[in-house]
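*Asks:* Got final-v7.txt for you, compact mmCIF, C-alpha atoms and all ligand atoms:
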```txt
# COMPACT_ATOMS: atom_id res chain seq x y z
CA MET A 1 117.53 84.77 133.04
CA ILE A 2 118.10 86.43 136.43
CA GLU A 3 115.73 86.42 139.34
CA VAL A 4 116.55 88.47 142.39
CA LYS A 5 114.45 87.73 145.43
CA ASN A 6 114.42 90.10 148.40
CA LEU A 7 118.14 90.80 148.00
CA GLN A 8 119.73 92.40 151.02
CA LYS A 9 123.25 93.58 151.64
CA ALA A 10 124.67 95.18 154.75
CA PHE A 11 128.18 96.45 155.33
CA GLY A 12 128.43 96.16 159.10
CA GLY A 13 125.40 98.02 160.40
CA ASN A 14 124.87 99.87 157.12
CA MET A 15 121.94 98.38 155.18
CA VAL A 16 122.82 99.18 151.59
CA LEU A 17 120.29 96.94 149.81
CA LYS A 18 117.02 96.73 151.64
CA GLY A 19 115.23 93.94 149.83
CA VAL A 20 115.36 94.18 146.05
CA THR A 21 113.16 91.87 143.99
CA GLU A 22 113.60 91.92 140.21
CA THR A 23 113.32 89.61 137.22
CA ILE A 24 115.54 90.17 134.21
CA GLU A 25 114.53 88.38 131.03
CA LYS A 26 116.86 87.26 128.28
CA GLY A 27 117.40 90.11 125.81
CA GLU A 28 116.42 92.89 128.21
CA LYS A 29 118.62 95.97 128.51
CA ILE A 30 118.21 97.29 132.02
CA ALA A 31 119.51 100.74 132.91
CA ILE A 32 119.98 101.50 136.60
CA ILE A 33 119.96 105.15 137.56
CA GLY A 34 119.92 106.91 140.91
CA PRO A 35 121.92 109.13 143.21
CA SER A 36 125.41 108.31 144.37
CA GLY A 37 125.42 105.93 147.33
CA SER A 38 121.98 104.50 146.56
CA GLY A 39 123.31 100.93 146.15
CA LYS A 40 123.54 100.64 142.34
CA SER A 41 127.07 99.20 142.26
CA THR A 42 126.37 96.94 145.20
CA PHE A 43 123.30 95.57 143.44
CA LEU A 44 125.29 94.90 140.25
CA ARG A 45 128.17 93.33 142.17
CA CYS A 46 125.80 91.05 144.08
CA LEU A 47 124.49 89.65 140.78
CA ASN A 48 127.76 87.76 140.24
CA ARG A 49 128.60 87.67 143.95
CA LEU A 50 131.55 90.01 143.81
CA GLU A 51 129.70 91.13 146.93
CA GLU A 52 128.16 88.44 149.10
CA PRO A 53 124.48 89.14 149.76
CA THR A 54 123.50 89.12 153.41
CA GLY A 55 119.93 88.08 152.63
CA GLY A 56 117.65 86.92 149.85
CA GLU A 57 118.40 84.85 146.77
CA ILE A 58 119.69 85.27 143.24
CA TRP A 59 118.74 82.76 140.58
CA PHE A 60 120.56 82.63 137.25
CA GLU A 61 119.26 80.44 134.44
CA GLY A 62 117.25 78.37 136.88
CA LYS A 63 119.99 77.91 139.50
CA ASP A 64 120.18 79.44 142.96
CA ILE A 65 123.63 81.02 142.73
CA THR A 66 123.47 82.13 146.36
CA ALA A 67 123.23 78.48 147.47
CA LYS A 68 126.20 77.13 149.44
CA ASP A 69 127.04 74.43 146.89
CA CYS A 70 126.94 76.74 143.85
CA ASP A 71 130.18 76.87 141.84
CA ILE A 72 130.17 80.63 141.40
CA ASN A 73 133.20 80.64 139.13
CA ARG A 74 131.27 78.66 136.53
CA ILE A 75 128.47 81.20 136.73
CA ARG A 76 130.79 84.19 136.54
CA ARG A 77 132.04 83.03 133.15
CA LYS A 78 128.56 83.65 131.82
CA MET A 79 128.36 87.15 133.28
CA GLY A 80 130.72 89.64 131.70
CA MET A 81 131.56 92.60 133.91
CA VAL A 82 132.87 95.99 132.89
CA PHE A 83 134.00 98.47 135.53
CA GLN A 84 134.30 102.23 135.65
CA HIS A 85 138.10 102.04 135.83
CA PHE A 86 138.59 99.37 133.11
CA ASN A 87 140.64 97.04 135.37
CA LEU A 88 142.94 95.88 132.55
CA PHE A 89 146.07 94.06 133.71
CA PRO A 90 148.83 96.66 133.25
CA HIS A 91 151.62 94.09 132.86
CA LEU A 92 149.88 92.24 130.02
CA THR A 93 149.47 93.29 126.41
CA VAL A 94 146.04 94.00 125.00
CA LYS A 95 145.87 90.58 123.40
CA GLN A 96 147.07 88.84 126.56
CA ASN A 97 144.44 90.71 128.56
CA ILE A 98 141.77 89.30 126.25
CA THR A 99 143.04 85.72 126.10
CA LEU A 100 144.07 85.22 129.73
CA ALA A 101 140.77 84.06 131.21
CA PRO A 102 139.54 81.79 128.39
CA VAL A 103 142.94 80.08 128.18
CA ASN A 104 143.48 79.73 131.94
CA LEU A 105 140.01 78.29 132.34
CA LYS A 106 140.73 75.89 129.46
CA LEU A 107 137.73 77.12 127.51
CA GLN A 108 139.87 77.90 124.47
CA THR A 109 143.37 76.91 123.35
CA GLN A 110 145.88 79.75 123.11
CA ALA A 111 145.61 79.65 119.31
CA GLU A 112 141.82 79.80 119.38
CA ALA A 113 141.86 82.59 121.94
CA ASP A 114 144.44 84.56 119.94
CA GLU A 115 142.37 84.28 116.81
CA LYS A 116 139.24 85.32 118.63
CA ALA A 117 141.03 88.24 120.27
CA MET A 118 142.18 89.48 116.88
CA ARG A 119 138.66 89.25 115.48
CA LEU A 120 137.32 91.22 118.43
CA LEU A 121 140.07 93.82 118.09
CA GLU A 122 139.35 94.17 114.38
CA ARG A 123 135.73 94.68 115.17
CA ILE A 124 136.56 97.71 117.34
CA GLY A 125 139.27 98.97 115.01
CA LEU A 126 142.12 98.29 117.45
CA ALA A 127 143.87 95.32 115.85
CA ASP A 128 147.04 97.41 115.61
CA LYS A 129 147.08 97.66 119.43
CA ALA A 130 147.18 93.88 120.03
CA ASP A 131 150.75 93.93 121.34
CA ALA A 132 150.58 97.29 123.09
CA TYR A 133 150.37 97.66 126.85
CA PRO A 134 147.33 99.37 128.40
CA ASN A 135 149.29 102.47 129.47
CA LYS A 136 149.76 103.32 125.79
CA LEU A 137 146.01 103.55 125.21
CA SER A 138 143.44 106.28 125.66
CA GLY A 139 140.66 105.79 128.21
CA GLY A 140 138.14 105.11 125.45
CA GLN A 141 140.40 102.48 123.91
CA LYS A 142 140.98 100.86 127.31
CA GLN A 143 137.29 100.64 128.01
CA ARG A 144 136.48 99.19 124.58
CA ILE A 145 139.17 96.58 125.16
CA ALA A 146 137.73 95.81 128.60
CA ILE A 147 134.39 95.25 126.88
CA VAL A 148 135.75 92.89 124.24
CA ARG A 149 137.77 91.10 126.92
CA ALA A 150 134.48 90.32 128.61
CA LEU A 151 132.95 89.30 125.26
CA ALA A 152 135.79 86.83 124.64
CA MET A 153 134.22 84.63 127.31
CA GLU A 154 130.97 84.56 125.33
CA PRO A 155 128.85 85.68 128.27
CA GLU A 156 125.09 85.36 128.49
CA VAL A 157 124.74 88.76 130.11
CA MET A 158 126.92 91.85 130.40
CA LEU A 159 127.04 93.93 133.57
CA PHE A 160 128.34 97.49 133.17
CA ASP A 161 129.09 99.72 136.16
CA GLU A 162 129.28 103.32 134.95
CA PRO A 163 131.42 102.38 131.96
CA THR A 164 131.85 105.96 130.79
CA SER A 165 132.16 107.84 134.09
CA ALA A 166 135.96 107.83 134.14
CA LEU A 167 136.33 108.96 130.52
CA ASP A 168 137.13 112.33 129.06
CA PRO A 169 133.98 113.63 127.36
CA GLU A 170 135.31 113.15 123.84
CA MET A 171 135.72 109.41 124.48
CA VAL A 172 132.29 108.69 125.86
CA GLY A 173 130.73 108.32 122.41
CA GLU A 174 132.97 105.54 121.15
CA VAL A 175 132.26 103.43 124.24
CA LEU A 176 128.51 104.05 124.16
CA ASP A 177 128.48 103.20 120.44
CA LEU A 178 130.00 99.80 121.17
CA ILE A 179 127.53 99.10 123.97
CA ARG A 180 124.69 100.24 121.72
CA GLU A 181 125.88 97.80 119.05
CA LEU A 182 125.87 94.92 121.53
CA ALA A 183 122.38 95.89 122.61
CA ARG A 184 121.22 95.83 118.99
CA GLU A 185 122.68 92.36 118.55
CA GLY A 186 120.46 91.16 121.37
CA MET A 187 122.88 90.96 124.29
CA THR A 188 121.18 90.92 127.68
CA MET A 189 122.65 93.76 129.72
CA VAL A 190 122.42 95.58 133.00
CA ILE A 191 124.06 98.97 132.95
CA VAL A 192 124.49 101.45 135.76
CA THR A 193 124.77 104.80 134.07
CA HIS A 194 124.54 108.55 134.47
CA GLU A 195 124.04 108.92 130.71
CA MET A 196 120.32 109.61 130.72
CA GLY A 197 120.13 110.03 126.94
CA PHE A 198 121.72 106.64 126.47
CA ALA A 199 119.42 105.03 129.04
CA ARG A 200 116.41 106.51 127.28
CA GLU A 201 117.52 105.44 123.85
CA VAL A 202 119.02 101.98 124.44
CA SER A 203 117.39 100.45 127.50
CA THR A 204 114.19 98.45 127.50
CA ARG A 205 113.57 99.24 131.17
CA VAL A 206 114.96 101.75 133.64
CA LEU A 207 115.24 101.07 137.38
CA PHE A 208 115.52 104.07 139.67
CA MET A 209 117.36 103.19 142.87
CA ASP A 210 117.40 105.31 145.97
CA ASP A 211 118.31 104.43 149.52
CA GLY A 212 118.86 100.73 148.85
CA CYS A 213 115.54 100.14 147.08
CA VAL A 214 114.22 100.16 143.54
CA MET A 215 111.84 103.08 144.03
CA GLU A 216 110.38 103.16 140.54
CA GLN A 217 110.79 101.40 137.22
CA ASN A 218 109.31 101.71 133.80
CA GLU A 219 110.09 101.58 130.13
CA PRO A 220 112.38 104.53 129.48
CA HIS A 221 110.10 106.94 127.64
CA ALA A 222 107.39 106.70 130.27
CA LEU A 223 109.85 106.90 133.14
CA PHE A 224 111.49 110.06 131.86
CA ALA A 225 108.27 111.67 130.60
CA SER A 226 106.14 111.03 133.66
CA PRO A 227 108.09 110.08 136.77
CA GLN A 228 105.82 109.36 139.74
CA ASN A 229 108.04 109.14 142.80
CA PRO A 230 108.99 112.57 144.17
CA ARG A 231 112.58 111.41 144.65
CA LEU A 232 112.80 110.36 141.02
CA LYS A 233 111.33 113.71 139.96
CA SER A 234 113.88 115.54 142.04
CA PHE A 235 116.74 113.33 140.74
CA LEU A 236 115.72 113.90 137.12
CA SER A 237 115.40 117.64 137.63
CA LYS A 238 119.07 117.66 138.64
CA VAL A 239 120.48 115.44 135.91
CA LEU A 240 118.40 116.24 132.82
P1 LIG B 1 126.23 103.66 144.15
O1 LIG B 1 126.89 102.73 143.19
O2 LIG B 1 124.75 103.82 143.92
O3 LIG B 1 126.90 104.99 144.21
P2 LIG B 1 127.23 101.84 146.16
O4 LIG B 1 126.53 100.55 145.92
O5 LIG B 1 128.62 101.96 145.68
O6 LIG B 1 126.33 103.05 145.61
O7 LIG B 1 127.26 102.15 147.69
C1 LIG B 1 126.11 102.14 148.51
C2 LIG B 1 126.51 102.30 149.95
O8 LIG B 1 127.27 101.19 150.36
C3 LIG B 1 127.37 103.53 150.22
O9 LIG B 1 126.94 104.09 151.42
C4 LIG B 1 128.75 102.96 150.36
O10 LIG B 1 129.53 103.73 151.21
C5 LIG B 1 128.50 101.59 150.92
N1 LIG B 1 129.52 100.61 150.50
C6 LIG B 1 129.74 100.18 149.25
N2 LIG B 1 130.73 99.28 149.20
C7 LIG B 1 131.16 99.15 150.47
C8 LIG B 1 132.20 98.35 151.09
N3 LIG B 1 132.95 97.51 150.38
N4 LIG B 1 132.36 98.47 152.42
C9 LIG B 1 131.57 99.29 153.16
N5 LIG B 1 130.58 100.07 152.65
C10 LIG B 1 130.39 100.00 151.32
MG MG B 2 128.49 102.99 141.93
```
In structure tokens, how does this file's structure come out?

*Replies:*
Amino acid sequence: MIEVKNLQKAFGGNMVLKGVTETIEKGEKIAIIGPSGSGKSTFLRCLNRLEEPTGGEIWFEGKDITAKDCDINRIRRKMGMVFQHFNLFPHLTVKQNITLAPVNLKLQTQAEADEKAMRLLERIGLADKADAYPNKLSGGQKQRIAIVRALAMEPEVMLFDEPTSALDPEMVGEVLDLIRELAREGMTMVIVTHEMGFAREVSTRVLFMDDGCVMEQNEPHALFASPQNPRLKSFLSKVL
């Protein structure tokens, strides 16, 4: 589904991604772990070109999406993104937040989008919040709404950047439960997370990033049970 070839990203003279090569297959659940500043968010944001790569290529479903003539907005519709700080539109109701993109892009009529939004809200038990504004919601509710807002576009892959890092501890579970459910349904996902238990339990593969490189990767049980790279060992000794 996604092929990343020698991906590089520099901010000025700061090389943040130093040549990452990865293939992500349909149905995989990739967890990205690693210390702060190692390039995890930059990697994720390059996948849908929220950051412009400074070198290398990214292919999505057989298309070079780093090519000059690529219509990146078409591609972005297929890649749902969920951020640490939810990024809901504060001046729109919950339902309007969910229907805005599909209606503006003429993918759904307002009536279709409304109906879909209500189904998604029912699924997460928040149908009664359809007409509320985001500032009336808890962090966990906001993040679950941000997730279903992304789902309303019927993406092929979901990208999560530390979706639970900004939450009070008692709200982490409800958000992880929803992501776990999507994983079980077969959604392809890439998730940057500090939740090692979640990474171990839900992911099919863990990538350890450090210093702009993927230093080690493995299926989760092996990676956590027998890390090879000294930096991964040291990282795990601090977070586990
Ligand atoms: P992580 O998500 O692993 O904590 P990031 O990808 O956010 O790491 O950041 C990696 C490095 O890139 C950091 O040194 C950070 O300061 C730098 N960086 C990230 N975004 C920008 C930006 N927009 N402008 C300049 N430097 C940036
Ligand atoms: Mg980050």

*Asks:* Could I get the residue neighbourhood of ligand LIG 1 (chain B) at 9 Å, counting all atoms listed in the file, as a ChimeraX atom specification?

*Replies:* /A:9-12,14-17,33-45,51,161-162,192,209-212

*Asks:* What is the distance, in Å and to one decimal place, between CA of Gln96 (chain A) and CA of Gly27 (chain A)?

*Replies:*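 So the two atoms, CA of Gln96 (chain A) and CA of Gly27 (chain A), lie 29.7 Å apart.
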
*Asks:* Tell me, as a list of chain:residue names, which residues lie within 8 Å of region 105-122 of chain A, counting all atoms listed in the file; anything in the same chain fewer than 2 positions away does not count.

*Replies:*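 Here the answer would be A:Lys95, A:Ile98, A:Thr99, A:Ala101, A:Pro102, A:Val103, A:Ile124, A:Gly125, A:Leu126, A:Ala127, A:Ala130, A:Ile145, A:Val148, A:Arg149, A:Ala152.
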
*Asks:* Which distance in Å separates CA of Ile2 (chain A) and CA of Trp59 (chain A), to one decimal?

*Replies:*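 Computed distance, CA of Ile2 (chain A) to CA of Trp59 (chain A), equals 5.6 Å.
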
*Asks:* Rank nothing, just name the residue among A:Thr204, A:Gln8, A:Ser234, A:Thr193 nearest to ligand MG 2 (chain B), using all atoms listed in the file.

*Replies:* A:Thr193

*Asks:* Might you pull out every residue within 9 Å of Thr23 (chain A), with only C-alpha atoms counted and same-chain residues fewer than 6 positions away left off, and present them as a compact mmCIF listing (two decimals) with C-alpha atoms, keeping the file's coordinate frame?

*Replies:*
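Listing of out22.txt after writing:
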```
# COMPACT_ATOMS: atom_id res chain seq x y z
CA MET A 1 117.53 84.77 133.04
CA ILE A 2 118.10 86.43 136.43
CA GLU A 3 115.73 86.42 139.34
CA VAL A 4 116.55 88.47 142.39
CA LYS A 5 114.45 87.73 145.43
```

*Asks:* Please, what distance in Å, to one decimal, runs between CA of His194 (chain A) and CA of Phe208 (chain A)?

*Replies:* 11.3 Å

*Asks:* Compare A:Asn73, A:Thr164, A:Asn229, A:Ser203 by their minimum atom-to-atom distance to His85 (chain A), counting only C-alpha atoms, and give me the closest one.

*Replies:*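 Closest residue, counting only C-alpha atoms: A:Thr164.
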
*Asks:* When you look at Glu22 (chain A) with a cut-off of 12 Å (counting all atoms listed in the file), what residues show up, excluding the ones that are within fewer than 5 positions of it in the same chain? I need them as a count of residues only.

*Replies:* 24

*Asks:* Is it possible to get the residues within 9 Å of (116.9, 111.2, 130.6) (coordinates as in the file, counting all atoms listed in the file) written as a VMD selection string?

*Replies:* chain A and resid 194 to 201 220 to 221 223 to 225 236 239 to 240

*Asks:* Quick one: residues within 10 Å of Met158 (chain A), only C-alpha atoms counted, chain neighbours fewer than 6 positions away excluded, as number ranges by chain?

*Replies:* A: 29, 78-82, 147, 150-151, 179, 182-183, 187-191

*Asks:* What residues have an atom no more than 12 Å from (152.5, 101.1, 132.9) in the file's own frame, counting all atoms listed in the file, and can you write them as a ChimeraX atom specification?

*Replies:* /A:88-93,132-137

*Asks:* Would you put the residues from that selection into a file with C-alpha atoms, as a short mmCIF file (atom, residue, chain, number, x, y, z; two decimals), in the frame of the given file?

*Replies:*
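Output (selection.cif):
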```cif
data_model
loop_
_atom_site.label_atom_id
_atom_site.label_comp_id
_atom_site.auth_asym_id
_atom_site.auth_seq_id
_atom_site.Cartn_x
_atom_site.Cartn_y
_atom_site.Cartn_z
CA LEU A 88 142.94 95.88 132.55
CA PHE A 89 146.07 94.06 133.71
CA PRO A 90 148.83 96.66 133.25
CA HIS A 91 151.62 94.09 132.86
CA LEU A 92 149.88 92.24 130.02
CA THR A 93 149.47 93.29 126.41
CA ALA A 132 150.58 97.29 123.09
CA TYR A 133 150.37 97.66 126.85
CA PRO A 134 147.33 99.37 128.40
CA ASN A 135 149.29 102.47 129.47
CA LYS A 136 149.76 103.32 125.79
CA LEU A 137 146.01 103.55 125.21
#
```

*Asks:* Can you pull out the residues contacting region 168-178 of chain A? Cut-off 8 Å, using all atoms listed in the file, and skip same-chain residues under 5 positions away; I want them as a VMD selection string.

*Replies:* chain A and resid 124 139 to 140 143 to 144 163 198

*Asks:* Of the candidates A:Ala146, A:Glu154, A:Gln228, A:Glu219, which one gets nearest to Phe86 (chain A) if we count all atoms listed in the file?

*Replies:*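 Between A:Ala146, A:Glu154, A:Gln228, A:Glu219, the residue approaching Phe86 (chain A) most closely is A:Ala146.
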
*Asks:* So which one's closest to Gly62 (chain A), A:Glu185, A:Ala222, A:Glu25, A:Arg77? Using only C-alpha atoms, please.

*Replies:*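 Of A:Glu185, A:Ala222, A:Glu25, A:Arg77, the one nearest Gly62 (chain A) is A:Glu25, counting only C-alpha atoms.
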
*Asks:* Please fill the gaps in region 193-210 of chain A so it has N, CA and C atoms, and write that as an mmCIF file, in the frame of the given file.

*Replies:*
```cif
data_model
loop_
_atom_site.group_PDB
_atom_site.id
_atom_site.type_symbol
_atom_site.label_atom_id
_atom_site.label_comp_id
_atom_site.auth_asym_id
_atom_site.auth_seq_id
_atom_site.Cartn_x
_atom_site.Cartn_y
_atom_site.Cartn_z
ATOM 1 N N THR A 193 124.283 103.682 134.877
ATOM 2 C CA THR A 193 124.770 104.800 134.070
ATOM 3 C C THR A 193 124.214 106.146 134.528
ATOM 4 N N HIS A 194 125.012 107.171 134.287
ATOM 5 C CA HIS A 194 124.540 108.550 134.470
ATOM 6 C C HIS A 194 124.200 109.185 133.130
ATOM 7 N N GLU A 195 124.340 108.389 132.045
ATOM 8 C CA GLU A 195 124.040 108.920 130.710
ATOM 9 C C GLU A 195 122.546 108.740 130.455
ATOM 10 N N MET A 196 121.774 109.753 130.801
ATOM 11 C CA MET A 196 120.320 109.610 130.720
ATOM 12 C C MET A 196 119.847 109.451 129.267
ATOM 13 N N GLY A 197 120.500 110.145 128.348
ATOM 14 C CA GLY A 197 120.130 110.030 126.940
ATOM 15 C C GLY A 197 120.308 108.604 126.446
ATOM 16 N N PHE A 198 121.414 108.023 126.856
ATOM 17 C CA PHE A 198 121.720 106.640 126.470
ATOM 18 C C PHE A 198 120.696 105.682 127.086
ATOM 19 N N ALA A 199 120.398 105.890 128.364
ATOM 20 C CA ALA A 199 119.420 105.030 129.040
ATOM 21 C C ALA A 199 118.075 105.109 128.318
ATOM 22 N N ARG A 200 117.704 106.318 127.935
ATOM 23 C CA ARG A 200 116.410 106.510 127.280
ATOM 24 C C ARG A 200 116.373 105.810 125.917
ATOM 25 N N GLU A 201 117.496 105.891 125.233
ATOM 26 C CA GLU A 201 117.520 105.440 123.850
ATOM 27 C C GLU A 201 117.748 103.922 123.740
ATOM 28 N N VAL A 202 118.570 103.373 124.618
ATOM 29 C CA VAL A 202 119.020 101.980 124.440
ATOM 30 C C VAL A 202 118.304 100.996 125.360
ATOM 31 N N SER A 203 117.895 101.434 126.554
ATOM 32 C CA SER A 203 117.390 100.450 127.500
ATOM 33 C C SER A 203 115.950 100.061 127.166
ATOM 34 N N THR A 204 115.581 98.871 127.627
ATOM 35 C CA THR A 204 114.190 98.450 127.500
ATOM 36 C C THR A 204 113.439 98.750 128.800
ATOM 37 N N ARG A 205 114.195 98.957 129.867
ATOM 38 C CA ARG A 205 113.570 99.240 131.170
ATOM 39 C C ARG A 205 114.574 99.997 132.019
ATOM 40 N N VAL A 206 114.087 100.966 132.748
ATOM 41 C CA VAL A 206 114.960 101.750 133.640
ATOM 42 C C VAL A 206 114.522 101.481 135.076
ATOM 43 N N LEU A 207 115.508 101.199 135.944
ATOM 44 C CA LEU A 207 115.240 101.070 137.380
ATOM 45 C C LEU A 207 115.815 102.297 138.066
ATOM 46 N N PHE A 208 115.013 102.953 138.867
ATOM 47 C CA PHE A 208 115.520 104.070 139.670
ATOM 48 C C PHE A 208 115.759 103.568 141.075
ATOM 49 N N MET A 209 117.029 103.616 141.504
ATOM 50 C CA MET A 209 117.360 103.190 142.870
ATOM 51 C C MET A 209 117.589 104.394 143.749
ATOM 52 N N ASP A 210 117.109 104.293 144.968
ATOM 53 C CA ASP A 210 117.400 105.310 145.970
ATOM 54 C C ASP A 210 117.349 104.625 147.322
#
```
